[in-house]
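Raw entry-v9.csv, CSV, C-alpha atoms and all ligand atoms:
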chain,number,residue,atom,x,y,z
A,1,MET,CA,22.8,-55.9,-212.2
A,2,HIS,CA,23.6,-52.7,-214.1
A,3,GLU,CA,27.0,-54.0,-215.0
A,4,LEU,CA,25.5,-55.8,-218.0
A,5,THR,CA,23.9,-52.6,-219.2
A,6,LEU,CA,27.3,-50.9,-219.0
A,7,LEU,CA,28.9,-53.8,-220.8
A,8,ILE,CA,26.4,-53.6,-223.6
A,9,GLY,CA,27.3,-50.0,-224.0
A,10,VAL,CA,31.0,-50.9,-224.1
A,11,THR,CA,30.5,-53.6,-226.8
A,12,GLN,CA,28.5,-51.0,-228.9
A,13,GLN,CA,31.3,-48.4,-228.6
A,14,VAL,CA,34.0,-51.0,-229.4
A,15,GLY,CA,31.9,-52.2,-232.2
A,16,GLU,CA,31.8,-48.7,-233.7
A,17,VAL,CA,35.6,-48.4,-233.5
A,18,VAL,CA,35.9,-51.9,-235.1
A,19,ARG,CA,33.7,-51.0,-238.0
A,20,GLU,CA,35.2,-47.5,-238.6
A,21,ASN,CA,38.7,-48.9,-238.6
A,22,ASP,CA,38.0,-52.2,-240.4
A,23,ILE,CA,39.4,-54.3,-237.5
A,24,ASP,CA,38.8,-58.1,-237.5
A,25,HIS,CA,39.4,-58.8,-233.9
A,26,VAL,CA,40.0,-57.1,-230.6
A,27,GLU,CA,42.8,-58.4,-228.3
A,28,ALA,CA,41.8,-56.6,-225.1
A,29,VAL,CA,39.6,-53.8,-223.9
A,30,VAL,CA,40.8,-51.7,-221.0
A,31,LEU,CA,38.2,-50.0,-218.8
A,32,GLU,CA,38.8,-47.4,-216.2
A,33,VAL,CA,36.5,-47.9,-213.3
A,34,GLY,CA,36.5,-45.5,-210.4
A,35,GLU,CA,36.3,-46.8,-206.8
A,36,VAL,CA,33.2,-44.8,-205.9
A,37,THR,CA,31.2,-46.1,-208.8
A,38,THR,CA,28.8,-48.8,-207.8
A,39,VAL,CA,30.2,-51.1,-210.4
A,40,VAL,CA,31.5,-54.4,-209.2
A,41,PRO,CA,34.5,-55.6,-211.2
A,42,GLU,CA,33.7,-59.3,-210.7
A,43,PHE,CA,30.3,-58.8,-212.2
A,44,LEU,CA,31.9,-57.0,-215.1
A,45,LEU,CA,34.2,-59.9,-215.8
A,46,ASP,CA,31.4,-62.4,-215.4
A,47,GLY,CA,29.2,-60.5,-217.8
A,48,TRP,CA,32.0,-60.0,-220.2
A,49,SER,CA,32.8,-63.7,-220.6
A,50,VAL,CA,29.2,-64.2,-221.7
A,51,LEU,CA,28.6,-61.1,-223.8
A,52,SER,CA,31.9,-61.1,-225.6
A,53,ASP,CA,31.1,-64.5,-227.0
A,54,GLU,CA,28.2,-63.0,-228.9
A,55,TYR,CA,30.4,-61.0,-231.2
A,56,ASP,CA,33.0,-62.3,-233.6
A,57,PHE,CA,35.3,-59.4,-233.0
A,58,LEU,CA,35.1,-59.9,-229.3
A,59,ARG,CA,35.4,-63.6,-229.0
A,60,GLY,CA,38.2,-64.4,-226.5
A,61,THR,CA,38.9,-60.7,-226.0
A,62,GLU,CA,40.3,-60.0,-222.6
A,63,LEU,CA,38.6,-57.4,-220.4
A,64,ILE,CA,41.1,-55.5,-218.2
A,65,ILE,CA,39.8,-53.3,-215.4
A,66,ASP,CA,41.9,-50.4,-214.2
A,67,ARG,CA,40.6,-49.3,-210.8
A,68,ILE,CA,40.9,-45.6,-210.3
A,69,PRO,CA,41.2,-44.6,-206.6
A,70,ALA,CA,38.8,-42.1,-205.1
A,71,ILE,CA,40.7,-38.8,-204.5
A,72,GLY,CA,39.1,-35.9,-202.8
A,73,HIS,CA,40.1,-32.2,-202.8
A,74,CYS,CA,39.6,-30.5,-199.4
A,75,ASN,CA,37.7,-27.2,-199.9
A,76,GLU,CA,39.1,-25.9,-196.5
A,77,CYS,CA,42.8,-26.4,-197.0
A,78,GLY,CA,43.3,-27.6,-200.5
A,79,THR,CA,44.8,-31.0,-199.7
A,80,GLU,CA,44.2,-33.9,-202.0
A,81,PHE,CA,43.7,-37.2,-200.3
A,82,ALA,CA,42.5,-40.7,-200.7
A,83,LEU,CA,38.9,-40.9,-199.6
A,84,ASP,CA,39.1,-44.6,-198.7
A,85,GLU,CA,42.1,-44.4,-196.3
A,86,ASN,CA,40.7,-41.3,-194.5
A,87,GLU,CA,37.1,-42.2,-194.4
A,88,GLY,CA,36.2,-39.2,-196.5
A,89,ARG,CA,37.7,-36.6,-194.2
A,90,CYS,CA,40.7,-34.4,-194.9
A,91,PRO,CA,43.7,-35.9,-193.0
A,92,ILE,CA,45.1,-32.4,-192.5
A,93,CYS,CA,42.2,-30.3,-191.2
A,94,ASP,CA,39.5,-33.0,-190.6
A,95,SER,CA,37.0,-31.2,-192.9
A,96,SER,CA,34.5,-33.3,-194.8
A,97,ASP,CA,33.9,-30.4,-197.2
A,98,ARG,CA,35.5,-31.7,-200.3
A,99,TYR,CA,34.9,-32.5,-204.0
A,100,LEU,CA,35.8,-35.6,-205.9
A,101,VAL,CA,38.9,-35.3,-208.1
A,102,SER,CA,38.8,-38.9,-209.4
A,103,GLY,CA,37.1,-42.1,-208.7
A,104,ASN,CA,33.8,-41.7,-210.6
A,105,GLU,CA,35.1,-43.0,-213.9
A,106,PHE,CA,33.6,-45.5,-216.2
A,107,ILE,CA,35.4,-45.2,-219.5
A,108,ILE,CA,37.0,-47.2,-222.2
A,109,LYS,CA,40.6,-46.3,-221.8
A,110,GLU,CA,42.1,-48.5,-224.5
A,111,ILE,CA,41.1,-50.9,-227.3
A,112,ARG,CA,44.0,-53.2,-228.0
A,113,ILE,CA,44.3,-55.0,-231.4
A,114,LEU,CA,46.9,-57.3,-232.8
A,115,GLU,CA,49.2,-55.5,-235.3
A,201,ZN,ZN,41.7,-30.0,-195.3

Could you write out this structure as structure tokens?
Amino acid sequence: MHELTLLIGVTQQVGEVVRENDIDHVEAVVLEVGEVTTVVPEFLLDGWSVLSDEYDFLRGTELIIDRIPAIGHCNECGTEFALDENEGRCPICDSSDRYLVSGNEFIIKEIRILE
């Protein structure tokens, strides 16, 4: 389960921010996770509940997952469309020649702390 590896990376990055800014405790971490990544949000949440307990600054910290829809850009006609709803084909010209505009994200969007 590579979610755990990803989460360890997240705790390391959050840890750096915490140290640099002299923060005692993190309230919530918001992740952007694209639909076409192979990351399973449920596994992230499960892993988080275990991992966050290992660090004082993350104990009880909520993990919020922001799913980013997979959007393609048609190379034939320039239409942007949801890959999911259209099974990867352009709804206008039926081309499957497209590139991914969004949906491949795995990033820390926000680290929330109590003021
Ligand atoms: Zn098209």

Determine the nearest neighbour of Cys74 (chain A) from the options A:Asp94, A:Glu35, A:Glu87, A:Glu62, counting only C-alpha atoms.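 Once distances to Cys74 (chain A) are computed over only C-alpha atoms, the minimum belongs to A:Asp94.
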
Ligand ZN 201 (chain A): which residues are within 8 Å, counting all atoms listed in the file, as a PyMOL selection string? chain A and resi 73-79+89-96

Give as a PDB file with C-alpha atoms, keeping the file's coordinate frame each residue that has an atom at most 12 Å from (39.4, -35.1, -207.0) in the file, counting all atoms listed in the file.
ATOM      1  CA  GLY A  34      36.500 -45.500-210.400  1.00  0.00           C
ATOM      2  CA  VAL A  36      33.200 -44.800-205.900  1.00  0.00           C
ATOM      3  CA  ILE A  68      40.900 -45.600-210.300  1.00  0.00           C
ATOM      4  CA  PRO A  69      41.200 -44.600-206.600  1.00  0.00           C
ATOM      5  CA  ALA A  70      38.800 -42.100-205.100  1.00  0.00           C
ATOM      6  CA  ILE A  71      40.700 -38.800-204.500  1.00  0.00           C
ATOM      7  CA  GLY A  72      39.100 -35.900-202.800  1.00  0.00           C
ATOM      8  CA  HIS A  73      40.100 -32.200-202.800  1.00  0.00           C
ATOM      9  CA  CYS A  74      39.600 -30.500-199.400  1.00  0.00           C
ATOM     10  CA  ASN A  75      37.700 -27.200-199.900  1.00  0.00           C
ATOM     11  CA  GLY A  78      43.300 -27.600-200.500  1.00  0.00           C
ATOM     12  CA  THR A  79      44.800 -31.000-199.700  1.00  0.00           C
ATOM     13  CA  GLU A  80      44.200 -33.900-202.000  1.00  0.00           C
ATOM     14  CA  PHE A  81      43.700 -37.200-200.300  1.00  0.00           C
ATOM     15  CA  ALA A  82      42.500 -40.700-200.700  1.00  0.00           C
ATOM     16  CA  LEU A  83      38.900 -40.900-199.600  1.00  0.00           C
ATOM     17  CA  GLY A  88      36.200 -39.200-196.500  1.00  0.00           C
ATOM     18  CA  ARG A  98      35.500 -31.700-200.300  1.00  0.00           C
ATOM     19  CA  TYR A  99      34.900 -32.500-204.000  1.00  0.00           C
ATOM     20  CA  LEU A 100      35.800 -35.600-205.900  1.00  0.00           C
ATOM     21  CA  VAL A 101      38.900 -35.300-208.100  1.00  0.00           C
ATOM     22  CA  SER A 102      38.800 -38.900-209.400  1.00  0.00           C
ATOM     23  CA  GLY A 103      37.100 -42.100-208.700  1.00  0.00           C
ATOM     24  CA  ASN A 104      33.800 -41.700-210.600  1.00  0.00           C
ATOM     25  CA  GLU A 105      35.100 -43.000-213.900  1.00  0.00           C
TER      26      GLU A 105
END

Between A:Val30, A:Phe106, A:Gly47, A:His25, which is the closest to Glu3 (chain A) once you count only C-alpha atoms?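 That would be A:Gly47, the residue with the smallest distance to Glu3 (chain A).
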
Residue contacts of Pro41 (chain A) (12 Å, all atoms listed in the file) excluding same-chain residues fewer than 6 positions away, as a list in words: Met1, His2, Glu3, Leu4, Leu6, Leu7, Leu31, Glu32, Val33, Gly34, Glu35, Gly47, Trp48, Leu63, Ile64, Ile65, Asp66, Arg67, Ile68 and Phe106 of chain A

Tell me, in Å to one decimal, how far CA of Ile8 (chain A) is from CA of Ile113 (chain A).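 Interatomic distance here is 19.6 Å.
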
Contacts of Arg59 (chain A) at 10 Å or less, counting all atoms listed in the file, minus same-chain residues fewer than 2 places along, as a list of chain:residue names?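 Those residues are A:His25, A:Val26, A:Glu27, A:Ser49, A:Val50, A:Leu51, A:Ser52, A:Asp53, A:Glu54, A:Tyr55, A:Asp56, A:Phe57, A:Thr61, A:Glu62.
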
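The gap separating CA of Ala28 (chain A) from CA of Gly60 (chain A) is 8.7 Å, in Å to one decimal.
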
The distance between CA of Asp24 (chain A) and CA of Thr5 (chain A) is 24.2 Å

Calculated over all atoms listed in the file, which of the candidates A:Val39, A:Val17, A:Val29, A:Leu58 has the smallest distance to Ile108 (chain A)?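 Closest to Ile108 (chain A), using all atoms listed in the file: A:Val29.
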